[in-house]
Amino acid sequence: QLQLVESGGGLVQPGGSLRLSCAAVGVSLNYFAIGWFRQAPGKEREGISCLSSDDSSTKYGDSVKGRFTISRDNAKGTVYLQMNNLKPEDTGTYYCAAETRFSAALKPMCLPLSYNNWGQGTQVTVSS
């Protein structure tokens, strides 16, 4: 089981930007399928940005298309979520999830059930 650690959350004004990071303790995230999920109070966890294990495919939720970008730094074995033009409705706890490339190939992308490894989450609050 991977130990995933998210960082980079915080309080930001509408229109601002944040960059979230996801790393695994003692392990590189290269070649893992990665998903960023968001959960707002009282709402289900939703997939917002996902990356295939070979970096060839990405998937974004409709609410974040054109504003969020998922990327991987292979040298650092870390995955990032760049969030621009943040809106109050982006507020929530953001989770990083990972799945091995072998397992991920058999599962739909960007659904919570497709990932077996989860971080503890980082809070993002967008408010003036």
# chains A, B, ... in the order shown; residues from 1 in each chain; ligands from 1
>>> residues_around(residues="Gly26 in chain A", least_positions_apart="6", cutoff="10 Å", atoms="only C-alpha atoms", output="tab-separated table (two decimals) with N, CA and C atoms, in the first residue's frame")
chain	number	residue	atom	x	y	z
A	2	LEU	N	0.59	2.15	-0.92
A	2	LEU	CA	1.33	3.39	-0.97
A	2	LEU	C	0.89	4.33	0.13
A	3	GLN	N	1.84	5.12	0.64
A	3	GLN	CA	1.49	6.20	1.54
A	3	GLN	C	1.60	7.49	0.74
A	4	LEU	N	0.46	8.06	0.39
A	4	LEU	CA	0.43	9.26	-0.43
A	4	LEU	C	0.29	10.49	0.46
>>> select_by_dssp(residues="range 1-122 of chain A", states="strand (DSSP E or B)", output="PyMOL selection string")
chain A and resi 4-7+10-12+18-24+27+32-39+46-51+58-60+68-73+78-83+92-100+117-119+122
>>> residues_around(residues="range 80-92 of chain A", least_positions_apart="5", cutoff="10 Å", atoms="only C-alpha atoms", output="PyMOL selection string")
chain A and resi 6-23+34-41+43+45+48-50+63-64+66-73+121-128
>>> write_last_selection(atoms="C-alpha atoms", output="JSON list (two decimals), in the first residue's frame")
[["chain", "number", "residue", "atom", "x", "y", "z"],
["A", 6, "GLU", "CA", -0.78, 15.82, -0.59],
["A", 7, "SER", "CA", 0.42, 19.36, 0.00],
["A", 8, "GLY", "CA", -0.19, 22.86, -1.28],
["A", 9, "GLY", "CA", -3.72, 23.52, -0.11],
["A", 10, "GLY", "CA", -4.79, 26.70, 1.61],
["A", 11, "LEU", "CA", -6.98, 29.76, 1.53],
["A", 12, "VAL", "CA", -7.08, 31.72, -1.71],
["A", 13, "GLN", "CA", -9.23, 34.50, -3.09],
["A", 14, "PRO", "CA", -11.47, 33.94, -6.09],
["A", 15, "GLY", "CA", -9.46, 34.20, -9.27],
["A", 16, "GLY", "CA", -6.30, 33.07, -7.54],
["A", 17, "SER", "CA", -4.14, 30.01, -8.10],
["A", 18, "LEU", "CA", -2.77, 27.11, -6.12],
["A", 19, "ARG", "CA", -0.58, 24.17, -6.98],
["A", 20, "LEU", "CA", -1.17, 20.90, -5.19],
["A", 21, "SER", "CA", 1.49, 18.22, -4.97],
["A", 22, "CYS", "CA", 1.16, 14.49, -4.48],
["A", 23, "ALA", "CA", 4.09, 12.32, -3.50],
["A", 34, "ILE", "CA", -3.04, 9.19, -10.72],
["A", 35, "GLY", "CA", -6.27, 10.90, -9.90],
["A", 36, "TRP", "CA", -7.12, 14.09, -8.09],
["A", 37, "PHE", "CA", -10.49, 14.05, -6.40],
["A", 38, "ARG", "CA", -12.44, 16.70, -4.60],
["A", 39, "GLN", "CA", -15.00, 16.38, -1.86],
["A", 40, "ALA", "CA", -17.08, 19.27, -0.63],
["A", 41, "PRO", "CA", -19.12, 19.04, 2.59],
["A", 43, "LYS", "CA", -21.24, 16.01, -1.47],
["A", 45, "ARG", "CA", -16.16, 12.65, -3.91],
["A", 48, "ILE", "CA", -11.55, 16.31, -11.25],
["A", 49, "SER", "CA", -8.22, 15.59, -12.91],
["A", 50, "CYS", "CA", -6.70, 12.25, -13.80],
["A", 63, "SER", "CA", -16.25, 22.08, -13.83],
["A", 64, "VAL", "CA", -12.46, 22.46, -14.02],
["A", 66, "GLY", "CA", -9.52, 24.96, -18.95],
["A", 67, "ARG", "CA", -8.59, 25.97, -15.39],
["A", 68, "PHE", "CA", -6.85, 22.93, -13.86],
["A", 69, "THR", "CA", -3.87, 21.03, -15.22],
["A", 70, "ILE", "CA", -2.50, 17.72, -13.98],
["A", 71, "SER", "CA", 1.15, 16.95, -14.61],
["A", 72, "ARG", "CA", 3.93, 14.65, -13.50],
["A", 73, "ASP", "CA", 7.57, 15.44, -12.79],
["A", 121, "GLY", "CA", -6.34, 15.09, 1.66],
["A", 122, "THR", "CA", -5.50, 18.77, 1.67],
["A", 123, "GLN", "CA", -8.03, 21.53, 2.22],
["A", 124, "VAL", "CA", -8.62, 24.18, -0.41],
["A", 125, "THR", "CA", -10.79, 27.14, 0.49],
["A", 126, "VAL", "CA", -11.67, 29.78, -2.07],
["A", 127, "SER", "CA", -13.14, 32.80, -0.41],
["A", 128, "SER", "CA", -12.85, 36.55, -0.34]]
>>> closest_residue(among="A:Glu44, A:Val25, A:Ser53, A:Gln120", to="Tyr94 in chain A", atoms="only C-alpha atoms")
A:Gln120
>>> atom_distance(atom1="CA of Glu46 in chain A", atom2="CA of Asn30 in chain A")
23.2 Å
>>> atom_distance(atom1="CA of Gly119 in chain A", atom2="CA of Ala97 in chain A")
6.4 Å
>>> select_by_dssp(residues="chain A", states="alpha helix (DSSP H)", output="list in words")
Arg101, Phe102, Ser103 and Ala104 of chain A
>>> closest_residue(among="A:Glu99, A:Tyr60, A:Asn74, A:Gly47", to="Leu111 in chain A", atoms="only C-alpha atoms")
A:Gly47
>>> atom_distance(atom1="CA of Thr58 in chain A", atom2="CA of Val5 in chain A")
21.1 Å
>>> decode(residues="range 2-32 of chain A", atoms="N, CA, C and O atoms", output="short mmCIF file (atom, residue, chain, number, x, y, z; two decimals), in the first residue's frame")
data_model
loop_
_atom_site.label_atom_id
_atom_site.label_comp_id
_atom_site.auth_asym_id
_atom_site.auth_seq_id
_atom_site.Cartn_x
_atom_site.Cartn_y
_atom_site.Cartn_z
N LEU A 2 0.59 2.15 -0.92
CA LEU A 2 1.33 3.39 -0.97
C LEU A 2 0.89 4.33 0.13
O LEU A 2 -0.29 4.37 0.48
N GLN A 3 1.84 5.12 0.64
CA GLN A 3 1.49 6.20 1.54
C GLN A 3 1.60 7.49 0.74
O GLN A 3 2.71 7.96 0.45
N LEU A 4 0.46 8.06 0.39
CA LEU A 4 0.43 9.26 -0.43
C LEU A 4 0.29 10.49 0.46
O LEU A 4 -0.46 10.48 1.44
N VAL A 5 0.99 11.53 0.08
CA VAL A 5 0.96 12.77 0.84
C VAL A 5 0.66 13.93 -0.11
O VAL A 5 1.40 14.16 -1.06
N GLU A 6 -0.43 14.63 0.18
CA GLU A 6 -0.78 15.82 -0.59
C GLU A 6 -0.28 17.05 0.16
O GLU A 6 -0.23 17.08 1.39
N SER A 7 0.03 18.08 -0.60
CA SER A 7 0.42 19.36 0.00
C SER A 7 0.04 20.48 -0.96
O SER A 7 -0.24 20.23 -2.15
N GLY A 8 0.04 21.70 -0.44
CA GLY A 8 -0.19 22.86 -1.28
C GLY A 8 -1.56 23.52 -1.12
O GLY A 8 -1.83 24.54 -1.75
N GLY A 9 -2.42 22.92 -0.31
CA GLY A 9 -3.72 23.52 -0.11
C GLY A 9 -3.64 24.80 0.72
O GLY A 9 -2.58 25.14 1.26
N GLY A 10 -4.76 25.48 0.82
CA GLY A 10 -4.79 26.70 1.61
C GLY A 10 -5.98 27.55 1.28
O GLY A 10 -6.92 27.12 0.60
N LEU A 11 -5.92 28.78 1.77
CA LEU A 11 -6.98 29.76 1.53
C LEU A 11 -6.54 30.68 0.40
O LEU A 11 -5.42 31.21 0.43
N VAL A 12 -7.41 30.87 -0.57
CA VAL A 12 -7.08 31.72 -1.71
C VAL A 12 -8.32 32.51 -2.10
O VAL A 12 -9.45 32.03 -1.93
N GLN A 13 -8.11 33.68 -2.64
CA GLN A 13 -9.23 34.50 -3.09
C GLN A 13 -9.72 34.02 -4.46
O GLN A 13 -8.96 33.43 -5.22
N PRO A 14 -10.97 34.28 -4.75
CA PRO A 14 -11.47 33.94 -6.09
C PRO A 14 -10.60 34.56 -7.17
O PRO A 14 -10.18 35.71 -7.06
N GLY A 15 -10.34 33.76 -8.21
CA GLY A 15 -9.46 34.20 -9.27
C GLY A 15 -8.01 33.85 -9.04
O GLY A 15 -7.19 34.00 -9.96
N GLY A 16 -7.68 33.41 -7.86
CA GLY A 16 -6.30 33.07 -7.54
C GLY A 16 -5.91 31.68 -8.00
O GLY A 16 -6.70 30.96 -8.64
N SER A 17 -4.69 31.30 -7.68
CA SER A 17 -4.14 30.01 -8.10
C SER A 17 -3.50 29.27 -6.93
O SER A 17 -3.03 29.91 -5.97
N LEU A 18 -3.49 27.98 -7.05
CA LEU A 18 -2.77 27.11 -6.12
C LEU A 18 -2.20 25.95 -6.92
O LEU A 18 -2.75 25.57 -7.96
N ARG A 19 -1.11 25.39 -6.40
CA ARG A 19 -0.58 24.17 -6.98
C ARG A 19 -0.50 23.11 -5.90
O ARG A 19 0.21 23.29 -4.90
N LEU A 20 -1.21 22.03 -6.12
CA LEU A 20 -1.17 20.90 -5.19
C LEU A 20 -0.12 19.90 -5.66
O LEU A 20 0.09 19.72 -6.85
N SER A 21 0.50 19.25 -4.68
CA SER A 21 1.49 18.22 -4.97
C SER A 21 1.07 16.91 -4.34
O SER A 21 0.43 16.88 -3.29
N CYS A 22 1.43 15.84 -4.99
CA CYS A 22 1.16 14.49 -4.48
C CYS A 22 2.44 13.68 -4.61
O CYS A 22 2.99 13.55 -5.71
N ALA A 23 2.90 13.15 -3.50
CA ALA A 23 4.09 12.32 -3.50
C ALA A 23 3.82 11.08 -2.66
O ALA A 23 2.94 11.07 -1.81
N ALA A 24 4.59 10.04 -2.93
CA ALA A 24 4.49 8.80 -2.16
C ALA A 24 5.74 8.65 -1.31
O ALA A 24 6.85 8.89 -1.78
N VAL A 25 5.55 8.23 -0.07
CA VAL A 25 6.68 8.06 0.84
C VAL A 25 7.54 6.90 0.37
O VAL A 25 7.06 5.76 0.27
N GLY A 26 8.79 7.20 0.05
CA GLY A 26 9.73 6.14 -0.30
C GLY A 26 9.56 5.53 -1.67
O GLY A 26 10.28 4.58 -2.02
N VAL A 27 8.63 6.04 -2.45
CA VAL A 27 8.34 5.44 -3.76
C VAL A 27 8.11 6.55 -4.78
O VAL A 27 7.51 7.58 -4.46
N SER A 28 8.58 6.34 -5.99
CA SER A 28 8.28 7.28 -7.06
C SER A 28 6.90 6.98 -7.64
O SER A 28 6.50 5.82 -7.75
N LEU A 29 6.18 8.05 -7.99
CA LEU A 29 4.86 7.85 -8.59
C LEU A 29 4.92 7.69 -10.10
O LEU A 29 3.88 7.65 -10.76
N ASN A 30 6.11 7.61 -10.64
CA ASN A 30 6.22 7.34 -12.08
C ASN A 30 5.55 6.00 -12.39
O ASN A 30 5.69 5.04 -11.66
N TYR A 31 4.80 5.96 -13.48
CA TYR A 31 4.15 4.77 -13.99
C TYR A 31 2.92 4.35 -13.20
O TYR A 31 2.39 3.25 -13.40
N PHE A 32 2.48 5.19 -12.26
CA PHE A 32 1.19 4.97 -11.60
C PHE A 32 0.14 5.83 -12.29
O PHE A 32 0.42 6.96 -12.70
#
